[in-house]
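Here is the file run-v7.cif (mmCIF, C-alpha atoms).
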data_upload
loop_
_atom_site.label_atom_id
_atom_site.label_comp_id
_atom_site.auth_asym_id
_atom_site.auth_seq_id
_atom_site.Cartn_x
_atom_site.Cartn_y
_atom_site.Cartn_z
CA MET L 78 -85.08 -27.22 -55.20
CA GLU L 79 -85.54 -30.63 -56.83
CA PRO L 80 -87.49 -33.30 -54.97
CA GLY L 81 -85.18 -35.62 -53.01
CA GLN L 82 -82.46 -32.99 -52.59
CA THR L 83 -81.53 -31.90 -49.10
CA GLU L 84 -80.95 -28.34 -48.14
CA GLN L 85 -77.96 -27.35 -46.10
CA ILE L 86 -78.43 -24.26 -44.07
CA ILE L 87 -75.27 -22.44 -43.11
CA GLN L 88 -75.78 -20.06 -40.27
CA PRO L 89 -73.45 -17.09 -39.82
CA ALA L 90 -71.20 -17.40 -36.77
CA THR L 91 -72.87 -15.68 -33.88
CA LYS L 92 -70.79 -13.21 -31.88
CA LYS L 93 -70.23 -14.45 -28.35
CA ARG L 94 -70.72 -11.61 -25.92
CA LEU L 95 -68.07 -11.01 -23.29
CA ARG L 96 -69.05 -11.84 -19.77
CA LEU L 97 -68.54 -9.33 -16.96
CA LEU L 98 -65.50 -11.27 -15.67
CA ASP L 99 -63.89 -11.22 -19.13
CA LYS L 100 -64.41 -7.47 -19.32
CA ILE L 101 -62.85 -6.93 -15.88
CA ILE L 102 -59.80 -9.10 -16.78
CA LEU L 103 -59.39 -7.30 -20.12
CA THR L 104 -59.57 -3.89 -18.42
CA ILE L 105 -56.97 -4.91 -15.81
CA LEU L 106 -54.66 -6.28 -18.52
CA LEU L 107 -55.05 -3.08 -20.54
CA LEU L 108 -54.26 -0.93 -17.49
CA VAL L 109 -51.19 -3.05 -16.66
CA PHE L 110 -50.00 -2.78 -20.26
CA LEU L 111 -50.50 1.01 -20.32
CA PHE L 112 -48.70 1.38 -16.98
CA ALA L 113 -45.75 -0.74 -18.14
CA PHE L 114 -45.69 1.20 -21.43
CA TYR L 115 -45.62 4.52 -19.56
CA VAL L 116 -42.86 3.39 -17.16
CA THR L 117 -40.73 2.09 -20.07
CA LEU L 118 -41.26 5.28 -22.08
CA ASP L 119 -40.46 7.44 -19.05
CA ALA L 120 -37.25 5.56 -18.21
CA ASN L 121 -33.92 7.34 -18.67
CA LYS L 122 -31.74 5.44 -21.12
CA TYR L 123 -27.98 5.86 -21.18
CA PRO L 124 -25.47 4.17 -23.45
CA ALA L 125 -22.56 2.93 -21.34
CA LEU L 126 -19.06 2.01 -22.42
CA VAL L 127 -15.50 1.56 -21.25
CA ARG L 128 -12.32 0.64 -23.11
CA VAL L 129 -9.53 -1.42 -21.60
CA VAL L 130 -6.06 -0.06 -22.24
CA ALA L 131 -2.69 -1.64 -21.60
CA GLY L 132 -0.42 -0.43 -18.85
CA GLU L 133 -0.82 0.51 -15.23
CA ASP L 134 -2.73 3.35 -13.61
CA LYS L 135 -3.89 4.73 -16.95
CA ILE L 136 -7.22 6.54 -17.06
CA GLY L 137 -8.58 8.45 -20.04
CA VAL L 138 -11.71 10.46 -19.39
CA ASN L 139 -14.28 11.37 -22.00
CA PRO L 140 -16.11 14.47 -20.72
CA THR L 141 -19.60 13.83 -22.03
CA ASP L 142 -22.91 14.07 -20.23
CA GLN L 143 -24.81 12.24 -22.95
CA ALA L 144 -23.62 8.77 -22.01
CA LEU L 145 -22.16 6.80 -19.15
CA ASP L 146 -18.78 6.83 -20.83
CA PHE L 147 -16.16 5.59 -18.41
CA GLY L 148 -13.38 6.37 -20.88
CA ASP L 149 -10.19 4.34 -21.11
CA LEU L 150 -9.17 2.33 -18.08
CA SER L 151 -6.20 0.09 -17.50
CA ARG L 152 -6.53 -2.98 -15.29
CA GLY L 153 -6.79 -2.11 -11.63
CA THR L 154 -8.17 1.38 -12.17
CA SER L 155 -11.68 2.68 -11.78
CA ALA L 156 -13.91 5.52 -12.92
CA VAL L 157 -17.09 7.01 -11.50
CA ARG L 158 -20.05 8.68 -13.21
CA ARG L 159 -22.98 10.29 -11.44
CA VAL L 160 -26.52 10.67 -12.67
CA ALA L 161 -28.83 13.22 -11.10
CA ILE L 162 -32.49 12.34 -10.82
CA GLU L 163 -35.25 14.70 -9.87
CA ASN L 164 -38.80 13.91 -8.91
CA GLY L 165 -40.91 16.83 -10.06
CA THR L 166 -44.17 15.03 -9.42
CA GLY L 167 -46.36 15.04 -6.33
CA LEU L 168 -46.00 11.26 -5.96
CA PRO L 169 -43.01 9.35 -4.56
CA LEU L 170 -41.09 7.33 -7.16
CA TYR L 171 -39.58 3.89 -6.86
CA VAL L 172 -36.28 4.10 -8.70
CA PHE L 173 -34.20 1.23 -10.01
CA ALA L 174 -31.54 0.75 -12.66
CA VAL L 175 -31.21 -2.15 -15.09
CA ARG L 176 -27.86 -2.76 -16.80
CA THR L 177 -27.49 -4.62 -20.09
CA GLY L 178 -24.65 -5.65 -22.41
CA SER L 179 -21.10 -6.74 -21.75
CA ILE L 180 -20.54 -3.81 -19.34
CA ARG L 181 -23.46 -5.00 -17.16
CA THR L 182 -21.34 -6.95 -14.68
CA LEU L 183 -18.64 -4.27 -14.49
CA ILE L 184 -20.90 -1.40 -13.41
CA LYS L 185 -21.60 -1.11 -9.69
CA LEU L 186 -24.15 1.26 -8.22
CA ASP L 187 -23.95 2.97 -4.86
CA LYS L 188 -27.69 2.50 -4.52
CA ASN L 189 -30.44 0.76 -6.42
CA TYR L 190 -34.08 -0.05 -5.74
CA PHE L 191 -34.89 2.97 -3.59
CA ARG L 192 -37.75 5.38 -2.94
CA LEU L 193 -37.45 8.99 -4.08
CA PRO L 194 -39.91 11.25 -2.20
CA ALA L 195 -42.13 13.75 -4.02
CA HIS L 196 -40.36 16.95 -5.18
CA ALA L 197 -36.96 15.55 -4.17
CA ALA L 198 -33.68 15.10 -6.00
CA ASP L 199 -30.93 12.52 -5.65
CA LYS L 200 -27.80 11.21 -7.34
CA ILE L 201 -26.82 7.70 -8.33
CA GLU L 202 -23.14 6.88 -8.55
CA PHE L 203 -22.09 4.40 -11.23
CA SER L 204 -18.57 3.05 -10.88
CA VAL L 205 -16.50 0.71 -13.00
CA TYR L 206 -13.46 -1.11 -11.67
CA MET L 207 -11.33 -2.82 -14.30
CA PRO L 208 -10.44 -6.31 -13.06
CA ALA L 209 -7.26 -8.26 -13.83
CA SER L 210 -9.12 -10.51 -16.26
CA ALA L 211 -10.32 -7.70 -18.58
CA GLU L 212 -9.22 -8.06 -22.20
CA ILE L 213 -6.82 -5.36 -23.36
CA ASP L 214 -8.23 -3.12 -26.16
CA ARG L 215 -11.71 -4.50 -25.77
CA VAL L 216 -14.65 -2.12 -25.48
CA TYR L 217 -17.23 -3.27 -22.96
CA ASP L 218 -20.52 -1.57 -23.71
CA GLY L 219 -24.23 -1.76 -23.08
CA ARG L 220 -27.09 0.35 -21.83
CA VAL L 221 -28.38 1.48 -18.47
CA PHE L 222 -32.10 1.99 -17.99
CA LEU L 223 -33.25 4.06 -15.06
CA PHE L 224 -36.85 3.19 -14.30
CA LYS L 225 -39.05 5.45 -12.15
CA ILE L 226 -42.32 3.96 -10.98
CA PRO L 227 -44.89 6.21 -9.28
CA ILE L 228 -46.01 4.71 -5.97
CA LEU L 229 -48.73 5.70 -3.52
CA MET J 209 -65.32 -37.87 -11.31
CA ASN J 210 -66.71 -34.44 -10.81
CA HIS J 211 -64.94 -31.16 -11.52
CA PHE J 212 -63.94 -30.43 -7.93
CA ALA J 213 -62.44 -33.88 -7.29
CA ARG J 214 -60.42 -33.61 -10.52
CA PHE J 215 -59.16 -30.18 -9.47
CA ILE J 216 -58.05 -31.49 -6.06
CA LEU J 217 -56.33 -34.49 -7.68
CA ASN J 218 -54.47 -32.26 -10.17
CA PHE J 219 -53.50 -29.91 -7.35
CA PHE J 220 -51.93 -32.71 -5.31
CA ILE J 221 -50.15 -34.16 -8.36
CA TYR J 222 -48.72 -30.70 -9.07
CA ILE J 223 -47.60 -30.26 -5.45
CA ALA J 224 -46.01 -33.74 -5.49
CA ILE J 225 -44.05 -32.92 -8.68
CA VAL J 226 -42.87 -29.52 -7.40
CA GLY J 227 -42.06 -30.93 -3.95
CA GLY J 228 -40.21 -33.84 -5.53
CA LEU J 229 -38.13 -31.43 -7.60
CA ILE J 230 -37.37 -29.09 -4.68
CA PHE J 231 -36.43 -31.80 -2.19
CA GLY J 232 -35.33 -34.54 -4.58
CA LEU J 233 -33.10 -32.59 -6.95
CA PRO J 234 -30.44 -31.59 -4.37
CA ARG J 235 -30.35 -35.18 -3.09
CA PHE J 236 -30.02 -36.51 -6.63
CA LEU J 237 -27.23 -34.01 -7.37
CA SER J 238 -25.48 -34.92 -4.09
CA TRP J 239 -25.57 -38.56 -5.08
CA SER J 240 -24.52 -38.08 -8.71
CA LEU J 241 -21.79 -35.49 -8.02
CA GLN J 242 -20.58 -37.36 -4.91
CA THR J 243 -20.59 -34.38 -2.58
CA PRO J 244 -22.80 -33.03 0.21
CA TYR J 245 -22.49 -29.58 -1.42
CA PRO J 246 -23.54 -30.11 -5.05
CA MET J 247 -24.37 -26.46 -5.77
CA ALA J 248 -22.79 -23.13 -4.86
CA ALA J 249 -23.84 -19.56 -5.46
CA VAL J 250 -21.29 -17.03 -6.67
CA THR J 251 -21.41 -14.02 -4.35
CA SER J 252 -18.67 -11.83 -5.81
CA GLY J 253 -17.17 -10.85 -9.14
CA SER J 254 -13.73 -12.33 -8.38
CA MET J 255 -14.07 -14.95 -11.14
CA TRP J 256 -15.34 -12.49 -13.78
CA PRO J 257 -15.89 -13.02 -16.68
CA VAL J 258 -16.09 -16.82 -16.35
CA LEU J 259 -18.47 -16.60 -13.40
CA ASN J 260 -20.60 -13.62 -12.47
CA GLU J 261 -22.19 -12.59 -9.20
CA GLY J 262 -25.45 -14.51 -8.82
CA ASP J 263 -24.42 -17.54 -10.90
CA LEU J 264 -25.15 -21.02 -9.61
CA VAL J 265 -22.35 -23.54 -10.17
CA PHE J 266 -22.33 -27.30 -9.74
CA ILE J 267 -19.68 -28.92 -7.58
CA GLN J 268 -18.11 -32.35 -8.05
CA GLY J 269 -16.65 -34.32 -5.18
CA GLY J 270 -15.32 -37.88 -4.94
CA GLN J 271 -12.90 -38.86 -7.70
CA ALA J 272 -12.78 -35.27 -9.04
CA LEU J 273 -10.85 -34.27 -5.90
CA ALA J 274 -8.22 -36.92 -6.48
CA ASP J 275 -6.99 -35.48 -9.76
CA LEU J 276 -6.97 -31.73 -9.24
CA LYS J 277 -4.75 -29.77 -11.58
CA THR J 278 -3.71 -26.18 -12.21
CA GLY J 279 -6.50 -24.26 -13.95
CA ASP J 280 -9.34 -26.16 -12.26
CA ILE J 281 -11.97 -24.08 -10.50
CA ILE J 282 -12.43 -25.36 -6.97
CA VAL J 283 -14.60 -24.56 -3.98
CA TRP J 284 -12.82 -24.44 -0.65
CA ARG J 285 -13.85 -23.73 2.89
CA GLY J 286 -12.10 -21.20 5.14
CA VAL J 287 -10.05 -22.47 8.10
CA ASP J 288 -12.70 -21.20 10.51
CA GLY J 289 -15.18 -23.51 8.81
CA GLN J 290 -17.25 -20.57 7.69
CA GLY J 291 -17.55 -19.24 4.18
CA PHE J 292 -16.73 -20.83 0.87
CA THR J 293 -14.51 -19.50 -1.90
CA ILE J 294 -14.78 -20.39 -5.59
CA HIS J 295 -11.41 -19.70 -7.24
CA ARG J 296 -9.08 -21.20 -9.81
CA ILE J 297 -6.03 -23.29 -8.86
CA ALA J 298 -2.92 -21.23 -9.60
CA LYS J 299 -0.33 -23.56 -8.08
CA LEU J 300 -0.13 -27.05 -6.60
CA ASN J 301 2.66 -27.47 -4.11
CA GLY J 302 2.77 -30.76 -2.20
CA SER J 303 -0.06 -30.78 0.29
CA GLN J 304 -0.90 -27.15 -0.37
CA ILE J 305 -2.99 -25.48 -3.05
CA THR J 306 -2.80 -21.83 -4.05
CA THR J 307 -5.87 -20.38 -5.69
CA LYS J 308 -6.60 -17.04 -7.32
CA GLY J 309 -9.74 -15.36 -8.58
CA ASP J 310 -9.45 -14.61 -12.32
CA ALA J 311 -10.37 -10.96 -11.72
CA ASN J 312 -8.03 -10.57 -8.75
CA PHE J 313 -4.50 -9.28 -8.96
CA ASN J 314 -3.19 -11.31 -6.03
CA ALA J 315 -3.35 -15.01 -5.23
CA ASP J 316 -5.06 -16.28 -2.06
CA SER J 317 -3.11 -17.67 0.88
CA PRO J 318 -2.29 -21.36 0.34
CA ILE J 319 -4.84 -23.87 1.59
CA GLU J 320 -4.67 -27.53 2.58
CA TYR J 321 -6.23 -30.29 0.47
CA ASP J 322 -8.75 -31.10 3.18
CA GLN J 323 -10.21 -27.60 2.87
CA VAL J 324 -11.29 -28.35 -0.69
CA VAL J 325 -15.01 -29.07 -0.91
CA GLY J 326 -15.13 -29.88 -4.60
CA ARG J 327 -14.28 -28.98 -8.16
CA ALA J 328 -16.61 -26.97 -10.39
CA LEU J 329 -18.36 -29.18 -12.91
CA THR J 330 -17.19 -28.22 -16.40
CA TRP J 331 -18.59 -28.73 -19.87
CA PRO J 332 -16.92 -31.41 -21.98
CA ALA J 333 -14.20 -29.74 -24.13
CA ARG J 334 -15.98 -30.63 -27.42
CA LEU J 335 -19.17 -28.86 -26.27
CA ALA J 336 -17.48 -25.80 -24.80
CA GLY J 337 -15.06 -25.33 -27.69
CA GLY J 338 -12.11 -26.23 -25.51
CA GLY J 339 -11.08 -24.68 -22.24
CA ASN J 340 -12.19 -25.21 -18.71
CA LYS J 341 -15.68 -23.69 -18.78
CA PRO J 342 -17.82 -24.34 -15.70
CA VAL J 343 -21.45 -25.36 -15.93
CA HIS J 344 -23.40 -22.50 -14.41
CA ILE J 345 -26.91 -21.09 -14.31
CA PRO J 346 -26.99 -17.28 -14.40
CA TYR J 347 -29.06 -15.43 -11.76
CA LEU J 348 -30.26 -18.62 -10.03
CA GLY J 349 -27.58 -18.22 -7.37
CA SER J 350 -29.10 -14.87 -6.37
CA ILE J 351 -32.20 -16.74 -5.20
CA THR J 352 -30.03 -19.06 -3.09
CA VAL J 353 -28.15 -16.11 -1.56
CA LEU J 354 -31.41 -14.28 -0.85
CA ALA J 355 -32.93 -17.41 0.71
CA SER J 356 -29.89 -17.99 2.97
CA ASN J 357 -29.90 -14.32 4.00
CA LEU J 358 -33.57 -14.58 4.95
CA GLN J 359 -32.87 -17.81 6.84
CA GLN J 360 -30.09 -16.11 8.84
CA LYS J 361 -32.39 -13.23 9.89
#
Could you express the structure from this file as structure tokens?
Amino acid sequence: MEPGQTEQIIQPATKKRLRLLDKIILTILLLVFLFAFYVTLDANKYPALVRVVAGEDKIGVNPTDQALDFGDLSRGTSAVRRVAIENGTGLPLYVFAVRTGSIRTLIKLDKNYFRLPAHAADKIEFSVYMPASAEIDRVYDGRVFLFKIPIL
Amino acid sequence: MNHFARFILNFFIYIAIVGGLIFGLPRFLSWSLQTPYPMAAVTSGSMWPVLNEGDLVFIQGGQALADLKTGDIIVWRGVDGQGFTIHRIAKLNGSQITTKGDANFNADSPIEYDQVVGRALTWPARLAGGGNKPVHIPYLGSITVLASNLQQK
């Protein structure tokens, strides 16, 4: 180095160690994420749809057990689908259904947000009533998610 | 100012803002919409698909009641003074109004003008793409219904 020149020392960035509180918060967040991930993965997912047909008292049923297909309904008619749920675990489950899509507001449930005891089975009844304001020939569709959360 | 004093000050400012919104907003809406009932929660699907269960709608009083017309969505009170209905005007006949829920097949029994609490606030036609579309906040009405149910218990 020449006389009169200054030297600039660049230090490498030092790693800041996590405090105990940070570690606790991170662990809790990770557990919450894993729990939510598990519940979402474990949820039953059903495509749901219904078609509005012209006329009176017309019901067309699609006999599938793969989807909540309410078939063809004319205004003023209704259709019901049942979903069986079984709790094969040793823990009670908190069960609730979430409806999405344009069919969301048409589907009514006979029960929602309930506790299913360990090793028990139950049925949820999904019904669709076609109101007077439904558009003829329109298909209302969406998805139904059945979440089951283990509780103590 | 030390850390603690600043925290307390911020806390009270926050409480004042939230409190102002909670207590002040309904009063402001009452004043601007000229009605003692500026908001209403939709508790059934009778106005589907325009209004869904759990929607919160805004109600206009004052001058809005003077020029009611067929197709307007109004809020009216039952003859017993209990319970409100949010339905669309199907027919105006002298001193009587007949309403009907969009999703219903039958019209309601005619009501008198003095049973009408207000008219649903609608978007200006140029914003809503025409039509008579009410201003509503989805799901927020569910909170109101839940709160009133808890209050009744």
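Applied to this file, the PyMOL selection byres ((chain L) within 7 of (chain J)) selects Pro208, Ala209 and Ser210 of chain L.
The space between CA of Ile226 (chain L) and CA of Leu170 (chain L) spans 5.2 Å.
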Using the chain letters and numbers from the file, give me the residues hit by the PyMOL selection byres ((chain L and resi 147) around 6), as a ChimeraX atom specification.
/L:127,146,148,156
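Those residues that approach Val157 (chain L) to within 12 Å, counting all atoms listed in the file, are Ala125, Val127, Ile136, Val138, Asn139, Pro140, Leu145, Asp146, Phe147, Gly148, Leu150, Thr154, Ser155, Arg159, Val160, Leu183, Ile184, Lys185, Leu186, Asp187, Ile201, Glu202, Phe203, Ser204, Val205, Tyr206 and Met207 of chain L; same-chain residues fewer than 2 positions away are not listed.
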Taking all atoms listed in the file into account, which of L:Ile213, L:Arg158, L:Ile101, L:Ala113 comes nearest Gly132 (chain L)?
L:Ile213
Starting from the PyMOL selection byres ((chain L and resi 198) around 9), expand the selection into actual residues of this file and give them as a list in words.
Ala161, Ile162, Glu163, Asn164, Gly165, Leu193, Pro194, Ala195, His196, Ala197, Asp199 and Lys200 of chain L
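The interatomic distance for the pair CA of Leu233 (chain J) and CA of Ala333 (chain J) works out to 25.7 Å.
Across the structure, CA of Val324 (chain J) and CA of Trp239 (chain J) are spaced 18.1 Å apart.
The neighbours of Lys277 (chain J) here are the residues that come within 12 Å of it, using all atoms listed in the file and leaving out any residue fewer than 2 positions away in the same chain; they are J:Ala272, J:Leu273, J:Ala274, J:Asp275, J:Gly279, J:Asp280, J:Ile281, J:Ile282, J:Arg296, J:Ile297, J:Ala298, J:Lys299, J:Leu300, J:Asn301, J:Ile305, J:Thr306, J:Thr307, J:Arg327, J:Asn340.
Every protein or nucleic acid residue with an atom no more than 6 Å from region 115-124 of chain L, counting only C-alpha atoms and leaving out same-chain residues fewer than 5 positions away, appears here: Ala144, Arg220, Val221, Phe222, Leu223 and Phe224 of chain L.
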Name the closest residue to Leu354 (chain J) among the candidates J:Tyr222, J:Leu217, J:Gly262, J:Ile230; distances are taken between atoms, counting all atoms listed in the file.
J:Gly262
List as an NGL selection string the protein and nucleic acid residues near Phe292 (chain J), meaning an atom at most 12 Å away when all atoms listed in the file are counted, but skip any in the same chain fewer than 3 places from it.
:J and (245 or 247-252 or 282-289 or 295 or 323-326)
